[in-house]
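Below is upload23.txt, which holds compact mmCIF, C-alpha atoms.
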# COMPACT_ATOMS: atom_id res chain seq x y z
CA MET G 1 112.38 143.47 84.41
CA ASN G 2 116.12 143.78 84.85
CA LYS G 3 118.33 141.74 87.15
CA GLU G 4 118.20 144.23 90.06
CA GLN G 5 114.41 144.42 89.95
CA ILE G 6 114.11 140.61 89.92
CA GLU G 7 116.45 140.31 92.90
CA LYS G 8 114.58 143.00 94.81
CA THR G 9 111.17 141.42 94.12
CA ILE G 10 112.26 137.90 95.11
CA ASN G 11 114.08 139.10 98.23
CA LYS G 12 111.07 141.16 99.33
CA PHE G 13 108.82 138.13 98.89
CA LEU G 14 111.14 135.94 100.99
CA ILE G 15 111.27 138.53 103.77
CA ASN G 16 107.56 139.31 103.83
CA GLU G 17 106.05 135.88 103.16
CA PHE G 18 108.50 133.47 104.77
CA GLU G 19 109.76 135.88 107.42
CA ILE G 20 113.36 135.13 106.46
CA ASP G 21 115.90 137.39 108.14
CA GLU G 22 117.26 139.97 105.72
CA SER G 23 120.82 139.25 106.89
CA VAL G 24 120.79 135.70 105.46
CA ILE G 25 119.48 136.81 102.07
CA PHE G 26 122.45 137.04 99.73
CA SER G 27 122.91 135.68 96.22
CA SER G 28 125.06 132.69 97.26
CA ALA G 29 122.64 131.66 100.06
CA LEU G 30 121.62 127.99 99.80
CA ILE G 31 117.86 127.65 99.37
CA LYS G 32 117.50 124.62 101.62
CA ASP G 33 120.26 125.06 104.18
CA ASP G 34 120.57 128.84 104.58
CA LEU G 35 117.06 130.03 103.74
CA ARG G 36 115.41 126.85 105.09
CA ILE G 37 112.74 126.84 102.40
CA ASP G 38 110.69 123.63 102.71
CA SER G 39 108.51 121.88 100.12
CA LEU G 40 105.38 123.96 100.87
CA GLU G 41 107.29 127.24 100.65
CA ALA G 42 108.93 126.00 97.45
CA VAL G 43 105.47 125.62 95.92
CA ASP G 44 104.48 129.05 97.26
CA LEU G 45 107.62 130.56 95.72
CA ALA G 46 106.96 128.77 92.42
CA VAL G 47 103.38 130.16 92.35
CA PHE G 48 104.74 133.68 93.07
CA ILE G 49 107.39 133.42 90.33
CA ASN G 50 104.75 132.21 87.88
CA ASP G 51 102.31 135.01 88.78
CA THR G 52 104.95 137.76 88.85
CA PHE G 53 107.38 136.82 86.08
CA GLY G 54 105.36 134.30 84.05
CA VAL G 55 108.06 131.70 84.61
CA LYS G 56 106.72 128.21 85.28
CA LEU G 57 108.97 126.14 87.54
CA ARG G 58 108.54 122.37 87.60
CA ALA G 59 109.76 119.94 90.26
CA GLU G 60 112.83 119.04 88.17
CA ASP G 61 113.70 122.75 87.74
CA PHE G 62 113.40 123.40 91.44
CA LYS G 63 115.56 120.41 92.38
CA GLN G 64 118.38 121.88 90.25
CA LEU G 65 118.22 125.27 91.94
CA ARG G 66 120.71 125.37 94.80
CA THR G 67 121.24 129.04 95.57
CA LEU G 68 119.26 132.25 95.41
CA GLN G 69 121.44 133.27 92.47
CA ASP G 70 120.21 130.16 90.61
CA ILE G 71 116.61 131.41 91.04
CA TYR G 72 117.50 134.89 89.70
CA ASP G 73 119.35 133.32 86.75
CA LYS G 74 116.49 130.93 85.99
CA ILE G 75 114.01 133.81 85.79
CA LEU G 76 116.40 135.87 83.65
CA SER G 77 117.06 132.97 81.29
CA ILE G 78 113.41 132.52 80.30
CA MET J 1 74.06 115.80 106.47
CA GLN J 2 74.06 119.52 107.02
CA CYS J 3 77.47 121.01 106.41
CA ALA J 4 77.33 124.18 108.42
CA LEU J 5 79.79 126.88 107.50
CA LEU J 6 82.01 127.29 110.50
CA HIS J 7 82.61 130.79 111.74
CA LEU J 8 85.51 131.32 114.06
CA ASN J 9 86.14 134.67 115.63
CA CYS J 10 89.51 136.38 115.58
CA LYS J 11 90.25 135.48 119.19
CA GLU J 12 89.81 131.78 118.45
CA ILE J 13 92.01 132.12 115.39
CA SER J 14 94.81 133.76 117.35
CA ASN J 15 94.75 130.85 119.82
CA ILE J 16 95.70 128.38 117.11
CA ASN J 17 99.43 128.39 116.65
CA ILE J 18 101.38 127.29 113.62
CA ASN J 19 103.91 124.74 114.74
CA TYR J 20 107.15 124.57 112.82
CA GLN J 21 108.71 121.83 114.92
CA LEU J 22 110.18 118.70 113.46
CA TYR J 23 108.54 115.54 114.65
CA LYS J 24 110.13 112.20 115.28
CA VAL J 25 108.95 109.20 113.25
CA ARG J 26 105.81 107.78 114.82
CA TRP J 27 104.00 105.77 112.15
CA SER J 28 105.21 103.69 109.23
CA GLY J 29 102.15 104.15 106.98
CA LYS J 30 102.16 100.50 106.01
CA THR J 31 99.52 97.74 106.03
CA ASP J 32 100.49 94.75 108.20
CA GLY J 33 101.27 91.34 106.70
CA THR J 34 103.79 89.92 104.27
CA PRO J 35 103.20 90.13 100.49
CA PHE J 36 102.49 86.36 100.54
CA MET J 37 99.79 86.76 103.21
CA GLN J 38 98.26 89.68 101.34
CA LYS J 39 98.17 87.73 98.05
CA ALA J 40 96.67 84.72 99.87
CA LEU J 41 93.92 86.95 101.30
CA ILE J 42 93.02 88.24 97.84
CA SER J 43 92.86 84.66 96.50
CA ILE J 44 90.73 83.49 99.43
CA PHE J 45 88.21 86.33 99.00
CA ARG J 46 87.64 85.27 95.39
CA TYR J 47 85.84 82.21 96.77
CA VAL J 48 85.01 82.95 100.41
CA ASP J 49 82.55 85.52 101.78
CA VAL J 50 84.27 88.42 103.53
CA ARG J 51 82.14 87.75 106.65
CA VAL J 52 84.09 84.54 107.21
CA GLY J 53 87.15 86.77 107.38
CA TYR J 54 85.36 89.02 109.91
CA ALA J 55 84.64 86.00 112.15
CA PHE J 56 88.31 85.02 112.03
CA MET J 57 89.29 88.63 112.67
CA ALA J 58 87.05 88.80 115.78
CA VAL J 59 89.45 86.33 117.46
CA VAL J 60 92.76 87.40 115.92
CA ILE J 61 92.19 91.00 116.92
CA LEU J 62 92.49 90.06 120.61
CA PHE J 63 96.15 89.16 120.04
CA TYR J 64 96.74 92.53 118.41
CA MET J 65 95.18 94.25 121.40
CA PHE J 66 97.49 92.46 123.82
CA PHE J 67 100.72 92.64 121.84
CA ARG J 68 100.41 96.16 120.39
CA HIS J 69 100.48 97.97 123.68
CA SER J 70 101.08 101.51 122.35
CA ALA J 71 98.19 101.17 119.85
CA PHE J 72 95.96 99.84 122.60
CA MET J 73 96.86 102.70 124.94
CA ALA J 74 96.33 105.34 122.24
CA GLN J 75 92.79 104.07 121.65
CA TYR J 76 92.13 103.44 125.35
CA ASN J 77 93.07 107.03 126.21
CA TYR J 78 90.95 108.30 123.32
CA PHE J 79 87.84 106.58 124.70
CA ARG J 80 88.63 107.56 128.29
CA LYS J 81 89.42 111.23 127.61
CA CYS J 82 87.15 112.07 124.67
CA TYR J 83 84.04 110.17 125.75
CA GLY J 84 84.62 109.74 129.48
CA ASN J 85 84.29 105.94 129.20
CA ASN J 86 84.95 103.90 132.37
CA PRO J 87 87.96 101.52 132.05
CA LEU J 88 85.83 98.48 131.18
CA LYS J 89 83.77 100.28 128.53
CA ALA J 90 86.95 101.84 127.12
CA CYS J 91 88.51 98.33 126.78
CA PHE J 92 85.37 97.06 125.05
CA ASN J 93 85.37 100.03 122.66
CA VAL J 94 89.07 99.47 121.90
CA TYR J 95 88.12 95.91 120.94
CA LEU J 96 85.29 97.21 118.70
CA ASN J 97 87.69 99.74 117.15
CA HIS J 98 90.32 97.08 116.39
CA PHE J 99 87.63 94.76 115.04
CA GLN J 100 86.22 97.44 112.74
CA PHE J 101 89.69 98.39 111.58
CA GLY J 102 90.31 94.72 110.78
CA GLN J 103 87.05 94.65 108.79
CA VAL J 104 88.10 97.74 106.84
CA ILE J 105 91.43 96.12 105.92
CA LEU J 106 89.67 92.91 104.88
CA ASP J 107 87.17 94.95 102.82
CA ARG J 108 90.10 96.45 100.96
CA PHE J 109 91.48 93.02 100.06
CA ALA J 110 87.97 91.77 99.21
CA THR J 111 87.69 94.72 96.79
CA TYR J 112 90.99 93.68 95.19
CA ALA J 113 89.40 90.22 94.81
CA GLY J 114 86.42 91.75 93.00
CA LYS J 115 83.80 92.24 95.73
CA GLN J 116 81.46 95.21 95.28
CA TYR J 117 80.31 97.29 98.23
CA ARG J 118 77.26 99.53 98.44
CA PHE J 119 77.73 103.27 98.92
CA GLU J 120 75.27 105.82 100.26
CA PHE J 121 76.31 109.37 99.37
CA ASP J 122 75.75 112.48 101.40
CA GLY J 123 76.67 115.80 99.78
CA LYS J 124 77.71 114.26 96.45
CA GLU J 125 76.05 117.12 94.58
CA VAL J 126 78.96 119.36 95.64
CA PHE J 127 81.47 116.83 94.30
CA ASP J 128 79.57 116.52 91.01
CA GLU J 129 79.26 120.31 90.69
CA TRP J 130 82.97 120.88 91.31
CA CYS J 131 83.89 118.05 88.93
CA GLY J 132 81.92 119.88 86.24
CA GLN J 133 83.96 123.06 86.70
CA GLN J 134 87.30 123.84 85.07
CA ASP J 135 89.12 124.57 88.30
CA GLY J 136 90.91 121.82 90.21
CA PHE J 137 90.16 121.15 93.86
CA ILE J 138 91.53 119.32 96.89
CA ILE J 139 89.87 116.37 98.61
CA ALA J 140 90.86 116.17 102.28
CA PHE J 141 90.56 112.70 103.76
CA SER J 142 91.26 111.31 107.20
CA HIS J 143 92.17 108.05 108.90
CA THR J 144 88.59 107.28 109.83
CA GLY J 145 86.32 104.74 108.17
CA ASN J 146 87.69 103.53 104.84
CA TYR J 147 88.53 106.40 102.47
CA GLU J 148 90.49 104.23 100.04
CA ILE J 149 87.51 102.05 99.16
CA SER J 150 85.55 105.09 97.94
CA GLY J 151 88.31 105.77 95.43
CA TYR J 152 87.38 102.57 93.65
CA ASN J 153 83.83 103.86 93.19
CA LEU J 154 84.11 107.65 92.86
CA LYS J 155 83.74 108.74 89.27
CA PRO J 156 85.33 112.18 88.94
CA GLY J 157 83.84 112.79 85.47
CA ASN J 158 86.44 114.10 83.03
CA LYS J 159 88.79 115.10 85.79
CA HIS J 160 91.82 113.11 86.79
CA LEU J 161 92.21 112.30 90.48
CA SER J 162 95.68 112.16 92.06
CA VAL J 163 95.81 110.50 95.45
CA LEU J 164 98.68 111.33 97.78
CA ALA J 165 99.56 108.16 99.69
CA TYR J 166 102.30 106.93 101.98
CA SER J 167 105.01 105.19 99.98
CA GLY J 168 105.82 102.51 102.56
CA GLU J 169 103.18 99.97 101.44
CA THR J 170 104.16 96.55 100.05
CA GLN J 171 104.27 95.99 96.31
CA THR J 172 101.12 93.81 96.56
CA VAL J 173 99.07 96.62 98.08
CA MET J 174 100.50 99.29 95.75
CA GLN J 175 100.01 97.18 92.60
CA ASN J 176 96.41 96.32 93.51
CA ARG J 177 95.64 99.90 94.49
CA GLN J 178 97.02 101.14 91.19
CA LYS J 179 95.05 98.50 89.24
CA MET J 180 91.79 99.47 90.99
CA PHE J 181 92.45 103.20 90.67
CA GLU J 182 93.32 103.04 86.96
CA ARG J 183 89.73 102.01 86.20
CA ASN J 184 88.51 105.34 87.57
CA ASN J 185 91.16 107.67 86.13
CA ILE J 186 93.02 107.84 89.44
CA THR J 187 96.80 107.80 90.02
CA ILE J 188 98.80 107.54 93.23
CA ILE J 189 101.46 110.10 94.13
CA PRO J 190 103.75 108.53 96.74
CA MET J 191 104.49 110.87 99.62
CA GLY J 192 108.24 111.31 100.00
CA GLU J 193 110.85 113.36 101.74
CA ASP J 194 111.89 115.52 98.76
CA ILE J 195 109.88 118.33 97.20
CA GLY J 196 108.97 116.42 94.04
CA TYR J 197 105.60 115.12 95.22
CA VAL J 198 104.38 118.58 96.31
CA PHE J 199 105.15 119.92 92.83
CA LEU J 200 103.23 117.01 91.27
CA LEU J 201 100.23 118.02 93.39
CA LYS J 202 100.66 121.65 92.32
CA GLU J 203 100.87 120.69 88.64
CA ALA J 204 97.76 118.48 88.92
CA LEU J 205 95.80 121.33 90.49
CA GLU J 206 97.01 123.78 87.83
CA LYS J 207 95.71 121.40 85.16
CA GLY J 208 92.27 121.53 86.79
CA ASP J 209 92.48 118.02 88.30
CA ILE J 210 91.52 116.77 91.74
CA VAL J 211 94.16 116.13 94.36
CA SER J 212 93.37 113.97 97.35
CA MET J 213 95.44 114.40 100.52
CA PRO J 214 95.38 113.16 104.11
CA ALA J 215 94.43 116.12 106.29
CA ASP J 216 94.72 114.54 109.73
CA ARG J 217 98.19 113.02 109.54
CA GLY J 218 101.22 114.08 107.53
CA LEU J 219 104.80 113.00 107.26
CA ASP J 220 106.46 113.43 110.60
CA ASN J 221 108.84 116.12 109.39
CA SER J 222 106.06 118.14 107.79
CA ARG J 223 104.71 121.36 109.25
CA HIS J 224 101.68 121.24 111.49
CA ILE J 225 99.02 123.57 112.80
CA THR J 226 97.83 123.14 116.36
CA CYS J 227 94.03 123.00 116.43
CA ARG J 228 91.37 122.39 119.06
CA PHE J 229 90.07 118.84 118.70
CA PHE J 230 87.77 117.24 121.29
CA GLY J 231 88.57 120.19 123.55
CA ARG J 232 92.33 119.58 123.50
CA GLU J 233 95.25 120.64 121.33
CA ALA J 234 96.16 118.38 118.41
CA ASP J 235 98.49 118.80 115.44
CA ILE J 236 96.93 118.86 111.98
CA PRO J 237 99.24 118.79 108.91
CA MET J 238 99.52 122.21 107.34
CA GLY J 239 100.12 120.99 103.77
CA PRO J 240 96.58 120.62 102.39
CA PHE J 241 95.43 123.96 103.82
CA TYR J 242 98.61 125.77 102.79
CA ILE J 243 98.26 124.54 99.21
CA ALA J 244 94.51 125.37 99.13
CA VAL J 245 95.12 128.95 100.29
CA THR J 246 98.31 129.56 98.26
CA MET J 247 96.82 128.23 95.03
CA GLU J 248 93.31 129.54 95.79
CA LYS J 249 91.73 126.09 95.40
CA LYS J 250 88.55 124.79 96.96
CA MET J 251 88.64 121.93 99.45
CA LEU J 252 86.17 119.11 99.94
CA ALA J 253 86.33 116.95 103.08
CA VAL J 254 85.39 113.33 102.33
CA PHE J 255 84.63 110.78 105.05
CA VAL J 256 83.82 107.16 104.14
CA MET J 257 82.27 105.47 107.15
CA LYS J 258 81.34 101.81 107.48
CA LYS J 259 77.62 101.52 108.07
CA LYS J 260 76.86 97.83 107.58
CA TRP J 261 79.03 94.88 106.60
CA ASP J 262 78.49 95.61 102.91
CA THR J 263 77.57 99.32 103.01
CA TYR J 264 79.60 102.49 103.37
CA ARG J 265 78.32 106.04 103.90
CA VAL J 266 80.28 108.68 101.96
CA ILE J 267 79.96 112.13 103.52
CA MET J 268 81.22 115.12 101.51
CA CYS J 269 81.49 118.63 102.98
CA PRO J 270 83.20 121.74 101.57
CA VAL J 271 85.85 123.25 103.86
CA TYR J 272 85.54 127.01 103.60
CA GLY J 273 88.27 129.56 104.13
CA ASN J 274 87.90 133.18 105.16
CA ASP J 275 89.34 135.60 102.61
CA LYS J 276 89.14 138.50 105.05
CA LEU J 277 91.94 136.98 107.10
CA SER J 278 95.66 137.12 106.34
CA LYS J 279 97.17 134.19 104.47
CA ASN J 280 98.36 132.47 107.66
CA GLY J 281 95.09 133.32 109.39
CA ASN J 282 93.14 131.76 106.54
CA ILE J 283 95.28 128.59 106.67
CA ARG J 284 94.60 128.29 110.41
CA TYR J 285 90.90 129.01 109.88
CA MET J 286 90.57 126.22 107.30
CA ALA J 287 92.52 123.76 109.44
CA GLN J 288 90.29 124.45 112.44
CA ALA J 289 87.15 124.21 110.27
CA TYR J 290 88.37 120.80 109.09
CA ALA J 291 89.21 119.70 112.66
CA ASP J 292 85.68 120.67 113.77
CA MET J 293 84.18 118.70 110.87
CA LEU J 294 86.34 115.69 111.69
CA GLU J 295 85.27 115.85 115.34
CA ARG J 296 81.58 115.86 114.35
CA ILE J 297 82.06 112.77 112.18
CA VAL J 298 84.18 110.95 114.76
CA ARG J 299 81.54 111.64 117.43
CA GLN J 300 78.99 109.93 115.15
CA TYR J 301 81.31 106.95 114.54
CA PRO J 302 83.54 106.78 117.63
CA THR J 303 84.91 103.29 116.93
CA GLN J 304 86.03 104.23 113.42
CA TRP J 305 88.88 106.49 114.54
CA TYR J 306 92.00 104.74 113.31
CA HIS J 307 94.88 106.60 114.89
CA TYR J 308 97.09 104.18 116.77
CA VAL J 309 99.47 106.81 118.08
CA ASN J 310 98.67 109.58 120.51
CA PHE J 311 96.94 112.23 118.42
CA TRP J 312 96.94 114.95 121.02
CA LYS J 313 99.73 117.13 122.29
CA GLY J 314 101.07 116.60 125.79
When written as structure tokens, how does the structure in this file appear?
Amino acid sequence: MNKEQIEKTINKFLINEFEIDESVIFSSALIKDDLRIDSLEAVDLAVFINDTFGVKLRAEDFKQLRTLQDIYDKILSI
Amino acid sequence: MQCALLHLNCKEISNININYQLYKVRWSGKTDGTPFMQKALISIFRYVDVRVGYAFMAVVILFYMFFRHSAFMAQYNYFRKCYGNNPLKACFNVYLNHFQFGQVILDRFATYAGKQYRFEFDGKEVFDEWCGQQDGFIIAFSHTGNYEISGYNLKPGNKHLSVLAYSGETQTVMQNRQKMFERNNITIIPMGEDIGYVFLLKEALEKGDIVSMPADRGLDNSRHITCRFFGREADIPMGPFYIAVTMEKKMLAVFVMKKKWDTYRVIMCPVYGNDKLSKNGNIRYMAQAYADMLERIVRQYPTQWYHYVNFWKG
């Protein structure tokens, strides 16, 4: 999967599963403050990323991710 | 005990709302007493029968009833509204409730001192069967009876059991808990404000281990689902059900109720979801199924309901 496809897949998941408004989804959006993803949704997102991209995110990984761009980059880097 | 599979129709499901509100701090999640008092209790129970402690507790508990007004009122209203007790009977039942809660706390310290309790199991075949499978599962416990004491006696086979617990306890309680749990391949995951502990639960489940979580009371800033409980609306933490549905893990409700001074009854019931529903619908369905189970148990043991804050909405 290329960068655009990863972004599209993640964004679609956030809109459909967490009902996040499309207008606040941009690459520099802060996961906690802008997207308001809580601990349960973080686990949900981690399960989705694992199932879709085969990338396993641990608690330490997730704590380091600040923005949506960090998530895209993390998936691309593995 | 017969664990009937609960079927809720779609109309009932739609009446249960997911509540995303933030809740103000209501409970500290901490056992009373200073570390010195707790250590003294453990030392005393090495030589003294726990029933001596009960006799002392029967008197001390009266002071708690008078000076912990909000706890008294929470229990008083529970007996008045859920069972229709008259004021006098409700006061008497509040006393019995406080007394039994005191016994449960003393039993915990007596266990730290080496006392063995007897356990009668109901539905353990499900626990044994699930322990024999590769997949991990969730144990949902509640603040009724004495769940913690079962942890010292449950043998989860080759599986590791991770218990999610409030992190506000004193070092004495935490150290003794950990010491008791280590014997049975059990570790404690302290519940905190950051996401770390949820990921530890996820990782334990992915490894095929058992994760034990409170399903009737969460952290106050956690998400809740409003369920019907004793005919009124009450908030149930969403976490255990959300994780069960998201990770497609089975859930076992475990209730450990005090039967006699030295005997506990351990009741184990699977909490079923409904795959035909949407994800959110399934989460609500499981939460309501658990609330119904909890209500059935609490009706059997009304004085073993240990919520000292108002459990219901409004």
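Applying a distance limit of 12 Å to only C-alpha atoms, the residues of chain G near chain J read Asn16, Glu17, Phe18, Glu19, Lys32, Arg36, Ile37, Asp38, Ser39, Leu40, Glu41, Ala42, Val43, Asp44, Leu45, Ala46, Val47, Phe48, Asn50, Asp51, Lys56, Leu57, Arg58, Ala59, Glu60, Asp61, Phe62, Lys63 and Gln64 of chain G.
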Q: Counting all atoms listed in the file, figure out which residue out of G:Ile31, G:Met1, G:Ile20, G:Ile25 gets nearest to Ile78 (chain G).
A: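 Looking only at the distances to Ile78 (chain G), the closest residue turns out to be G:Met1.
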Q. Using all atoms listed in the file, which of the listed residues (G:Val24, G:Ile10, G:Ala29, G:Leu35) sits closest to Ile75 (chain G)?
A.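 Of the candidates, the smallest distance to Ile75 (chain G) is held by G:Ile10.
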Q | Selection as a PyMOL selection string: residues within 12 Å of (79.4, 110.4, 112.8), counting all atoms listed in the file | A | chain J and resi 1+144-145+255-259+265-267+293-305
For the residues selected in the previous step, produce a file with C-alpha atoms as a PDB file, in the coordinates of the input.
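result03.pdb, written as the output of this step:
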ATOM      1  CA  MET J   1      74.060 115.800 106.470  1.00  0.00           C
ATOM      2  CA  THR J 144      88.590 107.280 109.830  1.00  0.00           C
ATOM      3  CA  GLY J 145      86.320 104.740 108.170  1.00  0.00           C
ATOM      4  CA  PHE J 255      84.630 110.780 105.050  1.00  0.00           C
ATOM      5  CA  VAL J 256      83.820 107.160 104.140  1.00  0.00           C
ATOM      6  CA  MET J 257      82.270 105.470 107.150  1.00  0.00           C
ATOM      7  CA  LYS J 258      81.340 101.810 107.480  1.00  0.00           C
ATOM      8  CA  LYS J 259      77.620 101.520 108.070  1.00  0.00           C
ATOM      9  CA  ARG J 265      78.320 106.040 103.900  1.00  0.00           C
ATOM     10  CA  VAL J 266      80.280 108.680 101.960  1.00  0.00           C
ATOM     11  CA  ILE J 267      79.960 112.130 103.520  1.00  0.00           C
ATOM     12  CA  MET J 293      84.180 118.700 110.870  1.00  0.00           C
ATOM     13  CA  LEU J 294      86.340 115.690 111.690  1.00  0.00           C
ATOM     14  CA  GLU J 295      85.270 115.850 115.340  1.00  0.00           C
ATOM     15  CA  ARG J 296      81.580 115.860 114.350  1.00  0.00           C
ATOM     16  CA  ILE J 297      82.060 112.770 112.180  1.00  0.00           C
ATOM     17  CA  VAL J 298      84.180 110.950 114.760  1.00  0.00           C
ATOM     18  CA  ARG J 299      81.540 111.640 117.430  1.00  0.00           C
ATOM     19  CA  GLN J 300      78.990 109.930 115.150  1.00  0.00           C
ATOM     20  CA  TYR J 301      81.310 106.950 114.540  1.00  0.00           C
ATOM     21  CA  PRO J 302      83.540 106.780 117.630  1.00  0.00           C
ATOM     22  CA  THR J 303      84.910 103.290 116.930  1.00  0.00           C
ATOM     23  CA  GLN J 304      86.030 104.230 113.420  1.00  0.00           C
ATOM     24  CA  TRP J 305      88.880 106.490 114.540  1.00  0.00           C
TER      25      TRP J 305
END
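Closest to Ile210 (chain J) among J:Gln178, J:Ser278, J:Asn97, J:Gln134 is J:Gln134, based on only C-alpha atoms.
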**Q.** Contact residues around Gln69 (chain G) with all atoms listed in the file at 7 Å, ignoring same-chain residues under 2 positions, as a PyMOL selection string
**A.** chain G and resi 27-28+67+71-73
(Q) As an exercise, work out the distance from CA of Gly151 (chain J) to CA of Trp130 (chain J) in Å and give it to one decimal place. (A)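 Straight-line distance from CA of Gly151 (chain J) to CA of Trp130 (chain J) works out to 16.5 Å.
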Q: Quote the spacing between CA of Asn282 (chain J) and CA of Ala215 (chain J) in Å to one decimal place.
A: 15.7 Å
Q) CA of Lys159 (chain J) to CA of Arg118 (chain J): how many Å, to one decimal? A)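 About the pair CA of Lys159 (chain J) and CA of Arg118 (chain J): they are 23.1 Å apart.
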Q | Residue nearest Ala71 (chain J) among J:Lys89, J:His307, J:Asp128, J:Phe229 (counting all atoms listed in the file) | A |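 For Ala71 (chain J), the nearest of the candidates is J:His307.
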Q. Which residues come within 12 Å of Ala55 (chain J), counting all atoms listed in the file, excluding same-chain residues fewer than 5 positions away, as a list in words?
A.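 What passes the distance filter is Asp49, Val50, Val60, Ile61, Phe99, Gln100, Gly102, Gln103, Leu106 and Trp261 of chain J.
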Q: Between J:Gln75, J:Ser142, J:Ser43, J:Gln38, single out the one closest to Ile105 (chain J), counting only C-alpha atoms.
A: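 Among the listed residues, J:Gln38 lies closest to Ile105 (chain J).
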